[in-house]
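Undergrad: Handing over work.txt, compact mmCIF, C-alpha atoms.
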```
# COMPACT_ATOMS: atom_id res chain seq x y z
CA MET A 202 -55.23 -0.39 -15.22
CA THR A 203 -53.20 2.65 -14.20
CA MET A 204 -55.83 4.96 -15.65
CA SER A 205 -58.58 3.21 -13.67
CA LEU A 206 -56.61 3.53 -10.45
CA ASP A 207 -55.97 7.20 -11.14
CA LEU A 208 -59.67 7.81 -11.72
CA LEU A 209 -60.56 5.91 -8.56
CA ARG A 210 -58.02 7.88 -6.53
CA LYS A 211 -59.33 11.15 -7.96
CA GLU A 212 -62.94 10.32 -7.05
CA ILE A 213 -62.02 9.33 -3.50
CA LEU A 214 -59.94 12.48 -2.94
CA ASP A 215 -62.71 14.68 -4.34
CA HIS A 216 -65.18 13.22 -1.84
CA LEU A 217 -62.76 13.41 1.08
CA LEU A 218 -62.33 17.15 0.53
CA SER A 219 -66.03 17.65 1.25
CA LEU A 220 -66.79 18.77 4.82
CA ARG A 221 -70.32 17.46 4.43
CA LEU A 222 -68.97 13.96 3.86
CA ILE A 223 -66.71 14.10 6.93
CA LEU A 224 -69.61 15.22 9.12
CA ALA A 225 -71.81 12.45 7.72
CA PHE A 226 -69.14 9.85 8.45
CA VAL A 227 -68.74 11.08 12.03
CA LEU A 228 -72.52 10.97 12.48
CA ILE A 229 -72.73 7.40 11.17
CA ILE A 230 -69.93 6.17 13.43
CA VAL A 231 -71.45 7.90 16.47
CA LEU A 232 -74.89 6.41 15.73
CA LEU A 233 -73.49 2.89 15.40
CA ILE A 234 -71.59 3.21 18.68
CA ALA A 235 -74.62 4.73 20.42
CA SER A 236 -76.73 1.86 19.10
CA ALA A 237 -74.35 -0.65 20.67
CA VAL A 238 -74.28 1.17 24.02
CA LEU A 239 -78.08 1.43 24.17
CA PHE A 240 -78.42 -2.23 23.25
CA VAL A 241 -76.09 -3.32 26.06
CA MET A 242 -78.11 -1.29 28.57
CA ASP A 243 -81.41 -2.71 27.29
CA TYR A 244 -80.04 -6.25 27.10
CA ARG A 245 -78.90 -6.04 30.72
CA ALA A 246 -82.46 -5.15 31.76
CA GLN A 247 -83.91 -7.95 29.61
CA VAL A 248 -81.55 -10.56 31.09
CA SER A 249 -82.34 -9.39 34.61
CA ASP A 250 -86.08 -9.65 33.92
CA TYR A 251 -85.66 -13.06 32.26
CA ASN A 252 -83.63 -14.49 35.14
CA ALA A 253 -86.11 -13.17 37.71
CA GLN A 254 -89.06 -14.74 35.88
CA VAL A 255 -87.29 -18.08 35.40
CA ASN A 256 -86.19 -18.23 39.03
CA ALA A 257 -89.72 -17.45 40.20
CA ASN A 258 -91.08 -20.20 37.96
CA LEU A 259 -88.51 -22.70 39.26
CA SER A 260 -89.39 -21.74 42.82
CA ILE A 261 -93.05 -22.52 42.19
CA LEU A 262 -92.14 -25.83 40.55
CA SER A 263 -89.89 -26.78 43.46
CA ARG A 264 -92.66 -25.97 45.93
CA ASN A 265 -95.18 -28.05 43.99
CA LEU A 266 -92.82 -31.01 43.90
CA SER A 267 -93.46 -31.48 47.58
CA ASP A 268 -97.01 -32.55 46.64
CA GLY A 269 -95.75 -35.25 44.30
CA ILE A 270 -94.39 -35.50 40.76
CA PHE A 271 -97.83 -36.01 39.20
CA GLN A 272 -99.19 -32.89 40.85
CA ALA A 273 -96.14 -30.86 39.90
CA PHE A 274 -96.04 -31.72 36.20
CA SER A 275 -99.70 -32.45 35.42
CA TRP A 276 -101.66 -29.73 37.14
CA SER A 277 -99.12 -27.01 37.81
CA ARG A 278 -99.08 -24.25 35.23
CA GLN A 279 -95.52 -23.55 34.18
CA ASN A 280 -94.27 -20.60 32.17
CA ILE A 281 -91.98 -21.03 29.19
CA HIS A 282 -90.05 -17.78 28.90
CA ARG A 283 -88.49 -16.29 25.78
CA ARG A 284 -84.77 -15.62 26.00
CA PRO A 285 -83.44 -12.17 25.11
CA ASN A 286 -82.09 -11.94 21.58
CA PRO A 287 -78.30 -11.35 21.58
CA LEU A 288 -78.49 -10.05 17.99
CA GLY A 289 -81.12 -7.42 18.68
CA PHE A 290 -78.63 -4.66 17.89
CA LEU A 291 -78.71 -5.68 14.22
CA SER A 292 -82.46 -5.29 13.77
CA GLU A 293 -84.91 -5.16 16.63
CA GLY A 294 -88.02 -4.92 14.48
CA LYS A 295 -91.15 -5.67 16.48
CA GLU A 296 -89.44 -8.05 18.87
CA LYS A 297 -90.62 -6.15 21.93
CA ASP A 298 -94.20 -6.75 20.78
CA LEU A 299 -93.71 -10.53 20.99
CA PRO A 300 -94.95 -12.40 24.08
CA ASN A 301 -92.45 -12.96 26.86
CA ALA A 302 -93.86 -16.30 28.01
CA TYR A 303 -96.44 -19.02 27.42
CA ARG A 304 -98.25 -20.74 30.27
CA VAL A 305 -98.44 -24.50 29.82
CA SER A 306 -99.67 -27.55 31.69
CA ALA A 307 -100.04 -31.21 30.83
CA PHE A 308 -103.41 -30.59 29.21
CA ARG A 309 -103.38 -27.21 27.51
CA LEU A 310 -101.37 -24.21 26.43
CA GLN A 311 -102.39 -20.80 27.68
CA GLY A 312 -101.11 -17.43 26.73
CA PRO A 313 -99.35 -15.68 25.38
CA ASP A 314 -98.23 -13.78 28.45
CA TYR A 315 -97.06 -10.25 27.75
CA SER A 316 -94.73 -8.21 29.90
CA LEU A 317 -93.98 -4.94 28.16
CA ARG A 318 -90.33 -3.91 28.36
CA GLY A 319 -90.57 -0.72 26.36
CA ASN A 320 -92.59 2.47 26.48
CA PRO A 321 -95.92 1.84 24.69
CA LEU A 322 -96.08 5.52 23.74
CA LEU A 323 -92.92 5.06 21.65
CA GLY A 324 -94.18 1.98 19.82
CA ASP A 325 -94.41 3.72 16.44
CA PHE A 326 -90.78 4.87 16.50
CA ASP A 327 -88.02 2.70 15.10
CA ALA A 328 -85.29 1.53 17.43
CA LEU A 329 -81.78 2.85 16.95
CA ASP A 330 -80.31 -0.38 15.60
CA TRP A 331 -77.98 -1.09 12.71
CA SER A 332 -80.80 -1.61 10.24
CA PHE A 333 -82.08 1.90 11.01
CA VAL A 334 -78.63 3.45 10.56
CA VAL A 335 -78.02 1.60 7.29
CA GLY A 336 -81.56 1.85 5.93
CA ILE A 337 -82.10 5.54 6.68
CA VAL A 338 -78.85 7.40 7.34
CA LEU A 339 -76.31 5.54 5.20
CA SER A 340 -78.71 5.18 2.27
CA PHE A 341 -79.30 8.95 2.34
CA VAL A 342 -75.53 9.56 2.40
CA ALA A 343 -75.18 7.16 -0.55
CA ILE A 344 -77.66 9.23 -2.56
CA LEU A 345 -75.78 12.43 -1.68
CA LEU A 346 -72.44 10.96 -2.71
CA ALA A 347 -73.78 9.57 -5.98
CA SER A 348 -75.48 12.85 -6.81
CA ASP A 349 -72.46 14.95 -5.87
CA GLY A 350 -70.17 12.70 -7.90
CA VAL A 351 -71.98 13.67 -11.10
CA ASN A 352 -73.79 16.96 -10.53
CA GLY A 353 -70.95 18.44 -8.48
CA GLU A 354 -68.39 17.81 -11.20
CA LYS A 355 -70.85 19.01 -13.83
CA GLN A 356 -71.25 22.34 -12.04
CA ASN A 357 -67.51 22.69 -11.48
CA GLY A 358 -66.73 21.83 -15.09
CA THR A 359 -64.38 18.98 -14.15
CA LEU A 360 -66.70 16.37 -15.63
CA ARG A 361 -66.43 17.96 -19.08
CA LEU A 362 -62.67 18.12 -18.67
CA VAL A 363 -62.44 14.43 -17.80
CA LEU A 364 -64.68 13.37 -20.68
CA SER A 365 -62.66 15.49 -23.12
CA ASN A 366 -59.79 13.03 -22.65
CA PRO A 367 -59.74 9.62 -24.35
CA VAL A 368 -61.31 7.90 -21.34
CA PRO A 369 -64.20 5.45 -21.78
CA ARG A 370 -67.34 6.67 -20.06
CA ALA A 371 -67.93 3.22 -18.62
CA ARG A 372 -64.59 3.45 -16.84
CA VAL A 373 -65.51 6.85 -15.41
CA LEU A 374 -68.85 5.53 -14.12
CA ILE A 375 -67.23 2.43 -12.63
CA SER A 376 -64.65 4.57 -10.81
CA LYS A 377 -67.42 6.75 -9.38
CA TYR A 378 -69.36 3.67 -8.27
CA LEU A 379 -66.36 1.99 -6.64
CA SER A 380 -65.21 5.16 -4.90
CA THR A 381 -68.66 5.74 -3.43
CA MET A 382 -68.94 2.13 -2.23
CA ILE A 383 -65.48 2.28 -0.64
CA LEU A 384 -66.30 5.50 1.18
CA LEU A 385 -69.63 4.10 2.40
CA THR A 386 -68.00 0.92 3.66
CA ILE A 387 -65.42 2.78 5.76
CA PRO A 388 -67.79 4.32 8.37
CA LEU A 389 -69.90 1.16 8.39
CA ALA A 390 -66.84 -0.97 9.13
CA VAL A 391 -65.32 1.43 11.68
CA GLY A 392 -68.55 2.10 13.55
CA GLY A 393 -69.56 -1.56 13.38
CA LEU A 394 -66.18 -2.72 14.70
CA ILE A 395 -66.23 -0.30 17.63
CA GLY A 396 -69.84 -1.24 18.36
CA LEU A 397 -68.97 -4.93 18.37
CA LEU A 398 -66.07 -4.23 20.72
CA VAL A 399 -68.48 -2.45 23.06
CA ILE A 400 -70.98 -5.33 22.92
CA SER A 401 -68.49 -8.17 23.28
CA GLY A 402 -66.45 -6.27 25.87
CA SER A 403 -69.49 -5.82 28.09
CA GLY A 404 -69.44 -9.53 28.93
CA LEU A 405 -73.25 -9.60 28.94
CA VAL A 406 -74.03 -10.64 25.38
CA PRO A 407 -73.08 -14.24 24.52
CA LEU A 408 -72.00 -14.42 20.87
CA ASP A 409 -71.04 -17.79 19.40
CA GLY A 410 -69.69 -18.72 15.98
CA GLN A 411 -73.13 -18.72 14.36
CA ASP A 412 -73.87 -15.27 15.73
CA TRP A 413 -70.62 -13.88 14.31
CA ALA A 414 -71.45 -15.47 10.95
CA LYS A 415 -74.87 -13.79 11.03
CA ILE A 416 -73.22 -10.47 11.85
CA GLY A 417 -70.88 -10.85 8.88
CA LEU A 418 -73.82 -11.77 6.65
CA ALA A 419 -75.73 -8.71 7.87
CA LEU A 420 -72.79 -6.45 7.03
CA GLY A 421 -72.53 -8.01 3.57
CA VAL A 422 -76.24 -7.52 2.94
CA SER A 423 -75.90 -3.92 4.13
CA VAL A 424 -73.21 -3.24 1.54
CA LEU A 425 -75.37 -4.79 -1.20
CA TYR A 426 -78.32 -2.71 -0.03
CA LEU A 427 -76.31 0.50 -0.18
CA SER A 428 -75.15 -0.33 -3.71
CA VAL A 429 -78.76 0.08 -4.85
CA PHE A 430 -78.62 3.79 -4.01
CA VAL A 431 -75.29 4.47 -5.73
```
Go ahead and render the structure in this file as structure tokens.

TA:
Amino acid sequence: MTMSLDLLRKEILDHLLSLRLILAFVLIIVLLIASAVLFVMDYRAQVSDYNAQVNANLSILSRNLSDGIFQAFSWSRQNIHRRPNPLGFLSEGKEKDLPNAYRVSAFRLQGPDYSLRGNPLLGDFDALDWSFVVGIVLSFVAILLASDGVNGEKQNGTLRLVLSNPVPRARVLISKYLSTMILLTIPLAVGGLIGLLVISGSGLVPLDGQDWAKIGLALGVSVLYLSVFV
């Protein structure tokens, strides 16, 4: 047990002495915070647009009620609007390509009704959300750490020195795996926590218990995803 802890401590310290790793960690944390800030700004615009559309629809309905209930609900075409997604910072995907509203009456459903919120010229670019940071940036850092943990020690000669001692190779590999996963989890947790503080502190994004559970599940899946690259 003591030997395993010593190996784990050695691997972590070796990685922490790398300037490349420190810069990568700072980049990941900055990207996660920037993702949260950009989401709050975009969510504010989405909520403003949603409230304006709903209020306009209610105004039309109220005006039609003066002609009678049958006229208001049977012949008037009402719009059913899609609420902004409070968890869009996790993974936006193609959500902005979805319709904003459907036009309905008592006899048929029309639509969908599109109201583009983004720049159509930037449609092929991925949004800066958490799935982008984890799927592209963190996975690349995971490959670098895993490669440096073996090839770096091989070039320095420390790997041969470690294996010359009566240490099981499986224990060495496990220590390298655990150290890499611990180091990858640190910037994800720090950047994610600060980002969540920015989002929840804005007072614009309503997050209930189910949303927090989904956020925790997303973080757990992210860690499992990163383990594939280690």

Undergrad: Contacts of stretch 407-421 of chain A at 7 Å or less, counting all atoms listed in the file, minus same-chain residues fewer than 3 places along, as a ChimeraX atom specification?

TA: /A:287,424-425

Undergrad: Which residue out of A:Leu288, A:Ala347, A:Leu405, A:Val399 has the minimum interatomic distance to A:Val429 when all atoms listed in the file are used?

TA: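 That would be A:Ala347, the residue with the smallest distance to A:Val429.
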
Undergrad: Given the point (-90.9, -14.2, 24.6) in the coordinates of this file, which residues lie within 8 Å, counting all atoms listed in the file, and how would they look as a VMD selection string?

TA: chain A and resid 282 to 285 299 to 303 315

Undergrad: One decimal, in Å: what's the spacing between atom CA of A:Gln254 and atom CA of A:Glu293?

TA: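 So the two atoms, atom CA of A:Gln254 and atom CA of A:Glu293, lie 21.9 Å apart.
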
Undergrad: One decimal, in Å: what's the spacing between atom CA of A:Leu259 and atom CA of A:Asn280?

TA: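 Computed distance, atom CA of A:Leu259 to atom CA of A:Asn280, equals 9.4 Å.
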
Undergrad: Let me make sure I understand: among A:Ala257, A:Leu427, A:Val335, A:Ala237, which one has the smallest atom-to-atom distance to A:Leu398 if we use all atoms listed in the file?

TA: A:Ala237

Undergrad: Distance cut-off 12 Å, centre (-68.7, 5.8, 0.5) in file coordinates, counting all atoms listed in the file: which residues qualify? Return them as an MDAnalysis selection string.

TA: chainID A and resid 212:217 222:223 225:226 229 339:347 349:350 377:390 424 427:428 430:431

Undergrad: Quick one, how far is atom CA of A:Leu291 from atom CA of A:Ser332?

TA: 6.1 Å

Undergrad: Between A:Met242, A:Ile281, A:Val422, A:Val391, which has the minimum distance to A:Val255 (counting only C-alpha atoms)?

TA: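 The answer is A:Ile281, which sits nearest to A:Val255.
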
Undergrad: Which of these residues is nearest to A:Ser236, using only C-alpha atoms: A:Ala371, A:Leu329, A:Leu220, A:Ile395?

TA: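 The answer is A:Leu329, which sits nearest to A:Ser236.
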
Undergrad: Taking all atoms listed in the file into account, which of A:Leu233, A:Leu239, A:Leu228, A:Leu206 comes nearest A:Phe333?

TA: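 When distances to A:Phe333 are compared using all atoms listed in the file, the smallest one comes from A:Leu233.
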